[in-house]
$ cat query_18.txt   # compact mmCIF, C-alpha atoms
# COMPACT_ATOMS: atom_id res chain seq x y z
CA MET A 80 -21.51 -15.70 3.21
CA ARG A 81 -21.72 -13.16 0.42
CA ASN A 82 -22.56 -14.29 -3.08
CA LYS A 83 -21.49 -11.27 -5.10
CA LEU A 84 -18.07 -9.82 -5.88
CA LEU A 85 -16.87 -6.42 -7.01
CA VAL A 86 -13.73 -6.73 -9.14
CA GLY A 87 -11.90 -3.51 -10.02
CA THR A 88 -9.57 -3.85 -13.00
CA ARG A 89 -7.52 -1.61 -15.22
CA LYS A 90 -10.26 -1.88 -17.83
CA GLY A 91 -13.38 -1.51 -15.73
CA LEU A 92 -15.52 -2.96 -12.96
CA LEU A 93 -17.04 -6.44 -12.99
CA ILE A 94 -19.87 -7.58 -10.74
CA MET A 95 -19.76 -11.36 -10.32
CA ASN A 96 -22.26 -13.65 -8.64
CA ARG A 97 -22.73 -17.32 -7.85
CA ASP A 98 -26.44 -17.76 -7.58
CA GLY A 99 -26.65 -21.53 -7.32
CA GLY A 100 -23.60 -22.41 -9.43
CA ASP A 101 -20.04 -21.14 -9.79
CA TRP A 102 -19.07 -17.50 -10.06
CA GLU A 103 -20.07 -15.77 -13.26
CA VAL A 104 -19.76 -12.23 -14.49
CA GLU A 105 -23.15 -10.60 -14.04
CA SER A 106 -22.37 -7.16 -15.42
CA ALA A 107 -19.53 -4.87 -16.51
CA HIS A 108 -19.28 -1.15 -15.71
CA PHE A 109 -16.94 1.76 -16.46
CA GLU A 110 -15.49 -0.12 -19.41
CA ALA A 111 -11.94 0.88 -20.40
CA ILE A 112 -11.52 3.01 -17.27
CA PRO A 113 -9.14 1.92 -14.49
CA VAL A 114 -11.17 1.00 -11.39
CA VAL A 115 -8.90 1.40 -8.39
CA TYR A 116 -11.32 0.32 -5.69
CA ALA A 117 -14.94 -0.74 -5.36
CA PHE A 118 -16.91 -1.77 -2.30
CA ARG A 119 -20.49 -1.96 -1.07
CA ASP A 120 -21.36 0.15 1.95
CA ARG A 121 -23.98 -2.09 3.52
CA ARG A 122 -25.21 0.65 5.86
CA ALA A 123 -26.70 2.59 2.98
CA ASP A 124 -26.64 -0.23 0.43
CA THR A 125 -24.46 1.87 -1.82
CA ILE A 126 -21.64 0.70 -4.10
CA TRP A 127 -18.70 3.12 -4.15
CA VAL A 128 -16.16 3.13 -6.96
CA SER A 129 -12.85 4.97 -7.31
CA LEU A 130 -11.75 5.62 -10.89
CA ASP A 131 -8.30 6.63 -12.12
CA HIS A 132 -8.90 8.38 -15.39
CA GLY A 133 -5.30 9.46 -15.70
CA HIS A 134 -6.07 12.30 -18.08
CA TRP A 135 -9.05 13.57 -16.10
CA GLY A 136 -7.97 12.81 -12.54
CA GLY A 137 -9.29 10.53 -9.83
CA LYS A 138 -13.08 10.35 -9.58
CA LEU A 139 -15.72 8.89 -7.26
CA HIS A 140 -18.95 7.25 -8.39
CA ARG A 141 -21.73 5.57 -6.43
CA SER A 142 -24.71 3.38 -7.13
CA ARG A 143 -27.71 3.14 -4.85
CA ASP A 144 -29.33 0.36 -6.86
CA LEU A 145 -26.56 -2.26 -6.88
CA GLY A 146 -25.07 -1.12 -10.14
CA ALA A 147 -28.17 -0.48 -12.25
CA THR A 148 -27.36 3.23 -12.35
CA TRP A 149 -24.38 5.33 -11.29
CA GLU A 150 -23.84 8.93 -10.30
CA GLU A 151 -20.59 10.84 -10.04
CA VAL A 152 -19.81 12.47 -6.72
CA GLU A 153 -17.41 15.38 -6.48
CA ALA A 154 -14.01 13.91 -5.67
CA PRO A 155 -12.12 15.12 -2.58
CA LYS A 156 -10.11 18.28 -3.13
CA TYR A 157 -7.10 19.62 -1.27
CA PRO A 158 -7.33 23.20 0.01
CA GLU A 159 -5.74 25.87 -2.15
CA GLY A 160 -2.13 26.47 -1.18
CA ASP A 161 -1.52 23.03 0.34
CA ALA A 162 1.62 21.23 -0.80
CA VAL A 163 2.85 17.65 -0.80
CA PRO A 164 5.14 16.26 1.88
CA PRO A 165 8.00 15.77 2.47
CA ASP A 166 9.48 18.85 0.73
CA PHE A 167 6.24 20.79 0.11
CA SER A 168 7.41 22.00 -3.29
CA VAL A 169 4.56 20.44 -5.27
CA PRO A 170 0.96 21.72 -4.97
CA ALA A 171 -1.33 19.11 -3.43
CA LYS A 172 -4.10 17.71 -5.60
CA THR A 173 -6.03 14.47 -5.57
CA ASN A 174 -4.00 12.31 -7.91
CA TYR A 175 -5.49 8.95 -7.03
CA ILE A 176 -8.18 7.63 -4.70
CA TRP A 177 -6.75 4.56 -3.05
CA LEU A 178 -9.81 3.44 -1.11
CA ILE A 179 -13.14 4.34 0.43
CA GLU A 180 -14.18 3.05 3.85
CA PRO A 181 -17.44 3.40 5.76
CA GLY A 182 -17.57 5.03 9.18
CA GLY A 183 -19.02 3.14 12.13
CA ALA A 184 -22.50 1.67 12.37
CA ASP A 185 -23.49 4.54 14.67
CA GLU A 186 -22.48 7.22 12.12
CA PRO A 187 -24.39 6.19 9.00
CA ASN A 188 -23.44 9.24 6.96
CA ARG A 189 -19.69 9.10 7.56
CA LEU A 190 -17.25 7.88 4.92
CA TYR A 191 -13.47 8.00 4.74
CA VAL A 192 -11.37 8.27 1.59
CA GLY A 193 -7.63 7.64 1.34
CA THR A 194 -5.75 9.47 -1.41
CA ASP A 195 -2.43 10.06 -3.11
CA PRO A 196 -0.66 12.41 -2.10
CA GLY A 197 -1.33 11.15 1.43
CA GLY A 198 -4.43 12.99 2.61
CA LEU A 199 -7.28 11.33 4.48
CA PHE A 200 -10.70 12.83 3.75
CA LEU A 201 -14.01 12.37 5.53
CA SER A 202 -17.63 12.97 4.70
CA ASP A 203 -20.51 13.39 7.14
CA ASP A 204 -23.21 13.70 4.51
CA GLY A 205 -23.07 10.27 2.94
CA GLY A 206 -20.38 11.22 0.47
CA ASP A 207 -21.99 14.31 -1.03
CA SER A 208 -18.95 16.31 0.12
CA PHE A 209 -15.55 15.56 1.63
CA GLN A 210 -13.20 17.49 3.91
CA LEU A 211 -9.48 16.94 4.36
CA VAL A 212 -8.55 15.66 7.83
CA ASP A 213 -6.13 18.50 8.51
CA THR A 214 -4.90 17.10 11.79
CA LEU A 215 -3.33 14.10 10.05
CA TRP A 216 -2.27 15.90 6.84
CA HIS A 217 -0.39 18.48 8.91
CA HIS A 218 0.93 16.02 11.49
CA PRO A 219 4.40 17.21 12.55
CA SER A 220 5.90 13.93 11.36
CA ASN A 221 4.81 14.45 7.77
CA MET A 222 8.30 15.46 6.66
CA HIS A 223 9.04 11.73 6.95
CA TRP A 224 6.39 10.76 4.38
CA PHE A 225 7.32 10.03 0.77
CA GLY A 226 6.19 8.17 -2.29
CA ALA A 227 6.37 4.41 -2.83
CA GLY A 228 5.35 2.98 -6.15
CA ARG A 229 3.76 6.28 -6.92
CA ASP A 230 5.47 9.64 -6.75
CA HIS A 231 3.78 10.78 -3.56
CA PRO A 232 2.68 9.24 -0.25
CA GLY A 233 -0.69 7.52 -0.16
CA THR A 234 -3.29 6.79 2.49
CA VAL A 235 -3.77 3.10 1.70
CA ALA A 236 -5.39 1.67 4.85
CA ILE A 237 -8.31 2.90 6.97
CA GLN A 238 -9.72 0.86 9.84
CA VAL A 239 -12.65 2.00 12.00
CA ASP A 240 -12.96 0.15 15.31
CA PRO A 241 -16.42 -1.53 15.35
CA ARG A 242 -16.53 -1.05 19.17
CA ASP A 243 -15.73 2.68 19.02
CA SER A 244 -16.15 4.67 15.82
CA ARG A 245 -13.84 7.40 17.11
CA HIS A 246 -10.95 4.91 17.17
CA LEU A 247 -9.27 5.07 13.75
CA THR A 248 -6.17 3.30 12.45
CA ILE A 249 -4.62 4.69 9.28
CA GLY A 250 -1.78 3.42 7.12
CA ILE A 251 0.27 5.83 5.01
CA SER A 252 2.67 4.44 2.42
CA VAL A 253 5.28 5.75 3.04
CA GLY A 254 4.66 7.38 6.41
CA GLY A 255 3.55 4.66 8.79
CA VAL A 256 0.69 3.84 11.11
CA TYR A 257 -1.35 6.57 12.79
CA VAL A 258 -4.07 6.10 15.40
CA SER A 259 -6.74 8.50 16.60
CA ARG A 260 -8.96 7.87 19.62
CA ASP A 261 -11.04 11.01 19.20
CA GLY A 262 -12.52 10.68 15.73
CA GLY A 263 -9.57 12.28 13.99
CA GLU A 264 -9.00 15.34 16.16
CA SER A 265 -5.56 14.11 17.17
CA TRP A 266 -3.17 11.40 16.01
CA GLU A 267 -0.20 9.49 17.25
CA ALA A 268 2.23 7.33 15.29
CA ARG A 269 2.20 3.60 16.11
CA ASN A 270 5.30 2.12 14.49
CA ARG A 271 7.16 0.52 17.40
CA GLY A 272 8.48 -2.89 16.40
CA LEU A 273 8.39 -2.14 12.67
CA TYR A 274 11.58 -1.67 10.71
CA ALA A 275 12.32 0.08 7.43
CA ASP A 276 15.46 -1.16 5.72
CA TYR A 277 15.33 1.71 3.22
CA LEU A 278 15.88 4.37 5.93
CA PRO A 279 19.20 5.44 7.44
CA ASP A 280 17.74 4.37 10.80
CA PRO A 281 15.47 1.35 10.15
CA LEU A 282 13.92 1.72 13.60
CA HIS A 283 13.03 5.38 13.13
CA GLU A 284 9.78 6.49 14.75
CA HIS A 285 8.34 7.50 11.33
CA GLY A 286 8.72 6.71 7.65
CA HIS A 287 7.44 3.13 7.66
CA ASP A 288 5.64 1.51 4.76
CA PRO A 289 2.43 -0.35 5.56
CA HIS A 290 1.13 -1.76 2.27
CA ILE A 291 -2.12 -2.68 4.02
CA ILE A 292 -3.40 -2.86 7.62
CA LEU A 293 -6.42 -4.88 8.75
CA ALA A 294 -7.96 -5.35 12.21
CA SER A 295 -9.22 -8.77 13.23
CA PRO A 296 -13.04 -8.68 13.15
CA SER A 297 -13.22 -11.00 16.19
CA ASN A 298 -10.80 -8.86 18.23
CA PRO A 299 -10.07 -5.43 16.75
CA ASP A 300 -7.12 -4.92 19.11
CA VAL A 301 -5.29 -7.46 16.94
CA LEU A 302 -3.90 -5.65 13.91
CA TRP A 303 -2.17 -7.27 10.95
CA GLN A 304 0.08 -5.46 8.53
CA GLN A 305 1.63 -6.51 5.22
CA ASN A 306 4.52 -4.09 5.17
CA HIS A 307 7.23 -3.34 2.62
CA CYS A 308 9.70 -5.01 4.99
CA GLY A 309 7.69 -8.03 6.11
CA ILE A 310 4.50 -9.11 7.83
CA PHE A 311 3.78 -7.65 11.26
CA ARG A 312 1.09 -8.26 13.90
CA SER A 313 0.08 -6.31 16.97
CA GLU A 314 -2.08 -7.51 19.85
CA ASN A 315 -2.54 -4.06 21.38
CA GLY A 316 -3.86 -1.83 18.67
CA GLY A 317 -0.45 -1.06 17.20
CA MET A 318 1.30 -0.03 20.44
CA GLN A 319 3.84 -2.76 19.68
CA TRP A 320 4.31 -4.68 16.43
CA ARG A 321 6.00 -8.05 16.01
CA ASP A 322 7.61 -9.35 12.83
CA ILE A 323 5.78 -12.55 11.89
CA SER A 324 7.35 -13.08 8.47
CA ASP A 325 8.10 -16.77 7.85
CA LYS A 326 11.36 -17.56 9.68
CA ASN A 327 11.53 -21.12 8.34
CA GLY A 328 12.44 -20.36 4.76
CA GLY A 329 8.91 -20.09 3.44
CA PRO A 330 7.81 -17.32 1.11
CA ALA A 331 5.64 -15.24 3.49
CA GLY A 332 7.47 -11.94 3.82
CA PHE A 333 7.28 -9.33 1.09
CA GLY A 334 3.91 -8.74 -0.54
CA PHE A 335 0.91 -6.48 -0.73
CA ALA A 336 -2.35 -8.33 -0.03
CA LEU A 337 -3.80 -9.55 3.25
CA ALA A 338 -7.01 -11.19 4.48
CA ILE A 339 -8.05 -11.94 8.07
CA ASP A 340 -10.43 -14.59 9.35
CA ASP A 341 -13.77 -13.31 10.62
CA GLN A 342 -13.87 -15.63 13.60
CA ASP A 343 -10.30 -16.34 14.61
CA GLU A 344 -7.83 -13.55 15.30
CA ARG A 345 -4.91 -15.96 14.75
CA VAL A 346 -5.76 -16.77 11.13
CA ALA A 347 -4.66 -14.73 8.11
CA TRP A 348 -3.66 -15.10 4.47
CA VAL A 349 -0.99 -13.26 2.42
CA ALA A 350 0.17 -13.38 -1.21
CA PRO A 351 3.99 -13.45 -1.15
CA ALA A 352 6.46 -12.17 -3.71
CA VAL A 353 10.25 -12.49 -3.60
CA SER A 354 11.22 -9.04 -2.31
CA ALA A 355 10.96 -5.34 -2.93
CA GLU A 356 13.75 -5.55 -5.49
CA TYR A 357 12.45 -8.73 -7.19
CA ARG A 358 8.74 -8.24 -7.61
CA VAL A 359 7.94 -11.68 -8.92
CA PRO A 360 6.36 -14.74 -7.31
CA VAL A 361 8.79 -16.92 -5.37
CA ASP A 362 10.29 -19.47 -7.80
CA ARG A 363 7.87 -18.16 -10.43
CA ALA A 364 5.11 -20.12 -8.68
CA LEU A 365 1.91 -18.58 -7.33
CA VAL A 366 1.28 -19.25 -3.65
CA ILE A 367 -1.04 -18.01 -0.94
CA SER A 368 0.38 -18.42 2.58
CA ARG A 369 -1.86 -18.97 5.60
CA THR A 370 -1.12 -18.81 9.29
CA GLU A 371 -3.44 -20.33 11.88
CA ASP A 372 -1.37 -19.45 14.92
CA GLY A 373 -0.89 -15.71 14.76
CA GLY A 374 2.14 -15.90 12.51
CA GLU A 375 4.20 -18.45 14.43
CA THR A 376 4.05 -20.75 11.40
CA TRP A 377 2.87 -20.46 7.81
CA GLN A 378 1.41 -23.01 5.40
CA ASP A 379 1.92 -22.59 1.66
CA LEU A 380 -1.28 -23.18 -0.30
CA ARG A 381 -0.56 -24.09 -3.91
CA ALA A 382 -3.21 -26.58 -5.03
CA GLY A 383 -4.82 -25.25 -8.18
CA LEU A 384 -2.39 -22.34 -8.57
CA PRO A 385 0.20 -22.18 -11.40
CA GLN A 386 3.57 -23.50 -10.26
CA GLU A 387 5.79 -22.60 -13.19
CA ASN A 388 6.48 -19.64 -15.45
CA CYS A 389 4.20 -17.43 -13.39
CA TYR A 390 4.61 -13.68 -12.90
CA ASP A 391 1.34 -12.88 -11.15
CA LEU A 392 1.39 -10.49 -8.20
CA VAL A 393 -1.58 -9.71 -5.99
CA PHE A 394 -2.12 -6.03 -5.26
CA ARG A 395 -3.02 -4.77 -1.79
CA HIS A 396 -6.77 -4.60 -2.19
CA ALA A 397 -7.10 -7.59 -4.53
CA LEU A 398 -7.62 -10.40 -1.97
CA ASP A 399 -10.80 -10.83 0.09
CA LYS A 400 -12.62 -13.42 2.15
CA THR A 401 -16.18 -14.29 3.15
CA GLY A 402 -16.91 -17.36 5.25
CA ASP A 403 -14.62 -20.11 3.98
CA THR A 404 -14.38 -18.54 0.51
CA LEU A 405 -11.37 -16.52 -0.61
CA ALA A 406 -10.96 -14.72 -3.92
CA PHE A 407 -8.08 -12.85 -5.51
CA GLY A 408 -7.15 -11.30 -8.81
CA THR A 409 -3.66 -10.76 -10.15
CA THR A 410 -1.55 -8.32 -12.10
CA ALA A 411 -1.67 -10.76 -15.04
CA GLY A 412 -5.48 -10.72 -15.14
CA ASN A 413 -6.03 -14.14 -13.59
CA PHE A 414 -8.78 -14.66 -11.04
CA TYR A 415 -8.81 -17.44 -8.43
CA VAL A 416 -11.35 -18.65 -5.88
CA SER A 417 -11.14 -21.15 -3.02
CA ASP A 418 -14.12 -22.48 -1.07
CA ASP A 419 -12.06 -24.28 1.59
CA ARG A 420 -10.00 -21.50 3.15
CA GLY A 421 -7.30 -21.68 0.51
CA ASP A 422 -6.59 -25.41 0.55
CA HIS A 423 -7.74 -25.72 -3.07
CA TRP A 424 -8.05 -23.05 -5.74
CA ARG A 425 -9.68 -22.84 -9.11
CA CYS A 426 -9.18 -20.25 -11.82
CA LEU A 427 -12.34 -18.49 -12.96
CA THR A 428 -10.69 -16.62 -15.83
CA HIS A 429 -7.26 -15.94 -17.26
CA ASN A 430 -8.36 -12.99 -19.32
CA LEU A 431 -9.00 -9.98 -17.12
CA ALA A 432 -6.94 -6.80 -17.17
CA VAL A 433 -4.69 -6.02 -14.18
CA VAL A 434 -6.80 -6.55 -11.07
CA TYR A 435 -6.61 -3.73 -8.52
CA SER A 436 -9.43 -4.55 -6.14
CA VAL A 437 -11.53 -7.56 -5.09
CA ARG A 438 -14.29 -7.13 -2.53
CA PHE A 439 -17.16 -9.42 -1.62
CA MET A 440 -20.38 -7.41 -1.56
CA MET B 206 34.97 12.46 5.45
CA ALA B 207 31.32 11.77 4.71
CA GLN B 208 30.24 8.16 5.05
CA VAL B 209 28.33 6.93 1.99
CA LYS B 210 26.06 3.87 2.03
CA PHE B 211 24.09 2.37 -0.85
CA THR B 212 20.98 0.24 -1.17
CA PRO B 213 22.05 -3.41 -1.53
CA ASN B 214 19.97 -3.47 -4.70
CA LEU B 215 22.68 -1.50 -6.54
CA LYS B 216 25.07 -4.38 -5.96
CA ARG B 217 23.14 -6.19 -8.64
CA PHE B 218 24.75 -3.81 -11.13
CA PHE B 219 27.96 -2.98 -9.24
CA PRO B 220 28.89 -6.20 -7.41
CA ASP B 221 31.83 -4.71 -5.52
CA LEU B 222 29.89 -1.67 -4.34
CA CYS B 223 30.49 -0.99 -0.65
CA GLU B 224 30.21 1.67 1.99
CA CYS B 225 32.89 4.28 1.56
CA ALA B 226 34.24 7.57 2.93
CA ILE B 227 34.31 10.59 0.61
CA ASP B 228 35.86 14.00 1.13
CA ALA B 229 33.32 16.37 -0.42
CA ALA B 230 31.42 19.59 0.22
CA THR B 231 28.16 18.74 -1.54
CA VAL B 232 26.09 15.71 -2.47
CA ALA B 233 26.85 16.42 -6.14
CA GLU B 234 30.56 16.04 -5.39
CA ILE B 235 29.86 12.77 -3.63
CA VAL B 236 28.03 11.39 -6.64
CA ALA B 237 30.93 12.43 -8.87
CA ALA B 238 33.41 10.79 -6.52
CA VAL B 239 31.59 7.46 -6.31
CA ASP B 240 31.30 7.49 -10.10
CA ASP B 241 35.08 7.77 -10.30
CA ARG B 242 35.37 4.61 -8.25
CA TRP B 243 32.45 2.68 -9.79
CA ARG B 244 32.34 3.93 -13.36
CA GLY B 245 28.75 4.44 -14.54
CA LEU B 246 27.22 4.50 -11.06
CA ALA B 247 26.25 8.18 -11.35
CA ASP B 248 24.01 7.33 -14.29
CA TYR B 249 21.96 5.17 -11.95
CA ILE B 250 21.54 8.03 -9.48
CA ILE B 251 21.19 11.18 -11.59
CA ASP B 252 20.04 11.88 -15.13
CA GLU B 253 22.02 13.50 -17.90
CA GLN B 254 21.08 16.96 -16.62
CA GLY B 255 22.48 16.19 -13.18
CA ALA B 256 19.10 15.94 -11.47
CA LEU B 257 18.26 13.14 -9.06
CA ARG B 258 16.41 10.37 -10.84
CA LYS B 259 12.73 10.36 -10.03
CA HIS B 260 12.74 7.05 -8.20
CA VAL B 261 15.97 7.47 -6.28
CA ASN B 262 16.22 8.92 -2.80
CA ILE B 263 19.29 10.31 -1.08
CA PHE B 264 19.27 10.79 2.67
CA VAL B 265 21.63 13.41 4.05
CA GLY B 266 21.79 12.34 7.66
CA ASP B 267 18.19 11.54 8.52
CA GLU B 268 16.77 14.07 6.05
CA LEU B 269 15.87 13.62 2.42
CA LEU B 270 17.97 15.54 -0.08
CA ARG B 271 16.50 19.02 -0.62
CA ASP B 272 18.00 20.12 -3.95
CA LYS B 273 17.02 17.38 -6.35
CA GLN B 274 18.02 19.40 -9.40
CA THR B 275 21.71 20.11 -8.72
CA LEU B 276 22.35 18.15 -5.49
CA SER B 277 23.86 21.21 -3.86
CA ASP B 278 23.02 20.10 -0.30
CA ARG B 279 26.07 20.69 1.87
CA VAL B 280 27.80 17.82 3.61
CA SER B 281 30.32 17.89 6.40
CA ALA B 282 32.98 15.52 7.64
CA ASP B 283 30.61 13.54 9.81
CA THR B 284 27.60 13.48 7.46
CA LYS B 285 26.12 10.10 6.66
CA ILE B 286 24.78 9.71 3.12
CA PHE B 287 22.38 6.90 2.18
CA ILE B 288 21.58 6.37 -1.49
CA VAL B 289 18.46 4.23 -2.00
CA GLN B 290 15.84 3.50 -4.57
CA ALA B 291 12.42 4.91 -3.94
CA LEU B 292 10.00 2.11 -3.19
CA SER B 293 8.45 1.52 -6.56
CA GLY B 294 5.50 -0.75 -6.74
CA GLY B 295 3.88 -3.65 -8.46
$ encode --input "query_18.txt" --output "structure tokens"
Amino acid sequence: MRNKLLVGTRKGLLIMNRDGGDWEVESAHFEAIPVVYAFRDRRADTIWVSLDHGHWGGKLHRSRDLGATWEEVEAPKYPEGDAVPPDFSVPAKTNYIWLIEPGGADEPNRLYVGTDPGGLFLSDDGGDSFQLVDTLWHHPSNMHWFGAGRDHPGTVAIQVDPRDSRHLTIGISVGGVYVSRDGGESWEARNRGLYADYLPDPLHEHGHDPHIILASPSNPDVLWQQNHCGIFRSENGGMQWRDISDKNGGPAGFGFALAIDDQDERVAWVAPAVSAEYRVPVDRALVISRTEDGGETWQDLRAGLPQENCYDLVFRHALDKTGDTLAFGTTAGNFYVSDDRGDHWRCLTHNLAVVYSVRFM
Amino acid sequence: MAQVKFTPNLKRFFPDLCECAIDAATVAEIVAAVDDRWRGLADYIIDEQGALRKHVNIFVGDELLRDKQTLSDRVSADTKIFIVQALSGG
């Protein structure tokens, strides 16, 4: 159970804690700057933050003293002459840093960074410097990548297998799922079973849109994916995906956010919206949907959430879980917590800016 | 004739929009032709300079349109055209 939270918003970073009582804001950082992602790398006890200055570009900062002081780290840079897929007419530059992920426990200095326009970067010196993972950036399928939500493709999901640090699963939006078994030297697409209704051939080998991919901590062969076209689950590391969107008329289908149970590979939570074309909560009511049977059935969890006149969406990195506690922030600046696996929710504040990222630290 | 399909989302604005066959040499001619049939549709696809709107994609066969400024990509009798919105977020 973790008793601190990192909340990245359009107007800065909040560190929240619940020492003894309910969650309270402990400190605010990077005020007025959009904080895209923030997480604590427990291997080195370092907080990493991705900023989106807009005018000044995407930046990386870290704190080695739990937020007391911060230092800027040189952001990843694309090699001179590189251009953006799929038409390679635009010079590649780091527009946005979607997320930062630690390498495995046996590689304490490795970090991964996912960026817009689609490049994955890695560091082997604790984040002092980053190199583009050329093998993925130049993958022969990259002419099938394109922008979604933003102008260019983005690396939005990075999963390192806790049993084998050389086993990487990457999600590119739009591009699809890529897996490496050799630490990033080679990659293969893993999109079988997914569909993409925005492509001429929805079952094409490439061009899929994973909004987020997470591996089950209790069995990393079980992957979950909130995709543009539904919710998908794989029991074999992405070799085959199965559509587990709610088939019984419930809302679980389109969405961005996803959380997986630490102990049970059959249990997950999503934050549904109507559809790609109607990006609003279903019936203007906020709901978190939970499955406890690997996606066969879904329960809609509404207690404590607004059920009328609600336009809150939950972005892809804005839902997290520790023990029985879940927390999420919304596009309308509301922040909700549940201490019973989503059965009951309470609102901590209505007054944040757009929430981009929620991570227990 | 080229077969032209549209994202279902455009039916929100053009309820009788449907797949159609167009005799044309370029994608630009196709856009002009569908605008003749569904008046105003071209304004959803291209801007006033004739360039593809930023958040619209056109597939020519399985490939994305190359010339986004003048839509000069050639089409043949058996080309399949798919006009979709880019996947805009949030």
$ atom_distance --input "query_18.txt" --atom1 "atom CA of A:Gly182" --atom2 "atom CA of A:His290"
21.1 Å
$ interface_residues --input "query_18.txt" --of "chain A" --to "chain B" --cutoff "10 Å" --atoms "all atoms listed in the file" --output "ChimeraX atom specification"
/A:165-166,168,222-223,225-230,252-253,276-280,283,288,307,334-335,355-359,391-395,410
$ write_last_selection --input "query_18.txt" --atoms "C-alpha atoms" --output "compact mmCIF listing (two decimals), in the frame of the given file"
# COMPACT_ATOMS: atom_id res chain seq x y z
CA PRO A 165 8.00 15.77 2.47
CA ASP A 166 9.48 18.85 0.73
CA SER A 168 7.41 22.00 -3.29
CA MET A 222 8.30 15.46 6.66
CA HIS A 223 9.04 11.73 6.95
CA PHE A 225 7.32 10.03 0.77
CA GLY A 226 6.19 8.17 -2.29
CA ALA A 227 6.37 4.41 -2.83
CA GLY A 228 5.35 2.98 -6.15
CA ARG A 229 3.76 6.28 -6.92
CA ASP A 230 5.47 9.64 -6.75
CA SER A 252 2.67 4.44 2.42
CA VAL A 253 5.28 5.75 3.04
CA ASP A 276 15.46 -1.16 5.72
CA TYR A 277 15.33 1.71 3.22
CA LEU A 278 15.88 4.37 5.93
CA PRO A 279 19.20 5.44 7.44
CA ASP A 280 17.74 4.37 10.80
CA HIS A 283 13.03 5.38 13.13
CA ASP A 288 5.64 1.51 4.76
CA HIS A 307 7.23 -3.34 2.62
CA GLY A 334 3.91 -8.74 -0.54
CA PHE A 335 0.91 -6.48 -0.73
CA ALA A 355 10.96 -5.34 -2.93
CA GLU A 356 13.75 -5.55 -5.49
CA TYR A 357 12.45 -8.73 -7.19
CA ARG A 358 8.74 -8.24 -7.61
CA VAL A 359 7.94 -11.68 -8.92
CA ASP A 391 1.34 -12.88 -11.15
CA LEU A 392 1.39 -10.49 -8.20
CA VAL A 393 -1.58 -9.71 -5.99
CA PHE A 394 -2.12 -6.03 -5.26
CA ARG A 395 -3.02 -4.77 -1.79
CA THR A 410 -1.55 -8.32 -12.10
$ residues_around --input "query_18.txt" --residues "A:Asp362" --least-positions-apart "5" --cutoff "10 Å" --atoms "all atoms listed in the file" --output "JSON list (two decimals) with C-alpha atoms, in the coordinates of the input"
[["chain", "number", "residue", "atom", "x", "y", "z"],
["A", 330, "PRO", "CA", 7.81, -17.32, 1.11],
["A", 352, "ALA", "CA", 6.46, -12.17, -3.71],
["A", 353, "VAL", "CA", 10.25, -12.49, -3.60],
["A", 386, "GLN", "CA", 3.57, -23.50, -10.26],
["A", 387, "GLU", "CA", 5.79, -22.60, -13.19],
["A", 388, "ASN", "CA", 6.48, -19.64, -15.45],
["A", 389, "CYS", "CA", 4.20, -17.43, -13.39],
["A", 390, "TYR", "CA", 4.61, -13.68, -12.90]]
$ residues_around --input "query_18.txt" --residues "B:Asp252" --least-positions-apart "4" --cutoff "12 Å" --atoms "all atoms listed in the file" --output "PyMOL selection string"
chain B and resi 236+245-248+256-261+273-276
$ atom_distance --input "query_18.txt" --atom1 "atom CA of A:Val169" --atom2 "atom CA of A:His287"
21.8 Å
$ atom_distance --input "query_18.txt" --atom1 "atom CA of A:Asn327" --atom2 "atom CA of A:Gln378"
10.7 Å
$ residues_around --input "query_18.txt" --residues "stretch 203-216 of chain A" --least-positions-apart "6" --cutoff "6 Å" --atoms "only C-alpha atoms" --output "VMD selection string"
chain A and resid 155 188 to 189
$ build_atoms --input "query_18.txt" --residues "stretch 264-271 of chain B" --atoms "N, CA and C atoms" --output "mmCIF file, in the frame of the given file"
data_model
loop_
_atom_site.group_PDB
_atom_site.id
_atom_site.type_symbol
_atom_site.label_atom_id
_atom_site.label_comp_id
_atom_site.auth_asym_id
_atom_site.auth_seq_id
_atom_site.Cartn_x
_atom_site.Cartn_y
_atom_site.Cartn_z
ATOM 1 N N PHE B 264 19.384 10.233 1.326
ATOM 2 C CA PHE B 264 19.270 10.790 2.670
ATOM 3 C C PHE B 264 20.579 11.463 3.030
ATOM 4 N N VAL B 265 20.479 12.689 3.519
ATOM 5 C CA VAL B 265 21.630 13.410 4.050
ATOM 6 C C VAL B 265 21.426 13.431 5.558
ATOM 7 N N GLY B 266 22.149 12.586 6.269
ATOM 8 C CA GLY B 266 21.790 12.340 7.660
ATOM 9 C C GLY B 266 20.447 11.628 7.664
ATOM 10 N N ASP B 267 19.525 12.135 8.467
ATOM 11 C CA ASP B 267 18.190 11.540 8.520
ATOM 12 C C ASP B 267 17.213 12.239 7.588
ATOM 13 N N GLU B 268 17.672 13.260 6.876
ATOM 14 C CA GLU B 268 16.770 14.070 6.050
ATOM 15 C C GLU B 268 16.914 13.728 4.580
ATOM 16 N N LEU B 269 15.806 13.814 3.868
ATOM 17 C CA LEU B 269 15.870 13.620 2.420
ATOM 18 C C LEU B 269 16.585 14.795 1.770
ATOM 19 N N LEU B 270 17.307 14.503 0.704
ATOM 20 C CA LEU B 270 17.970 15.540 -0.080
ATOM 21 C C LEU B 270 16.978 16.648 -0.440
ATOM 22 N N ARG B 271 17.399 17.904 -0.317
ATOM 23 C CA ARG B 271 16.500 19.020 -0.620
ATOM 24 C C ARG B 271 16.597 19.459 -2.081
#
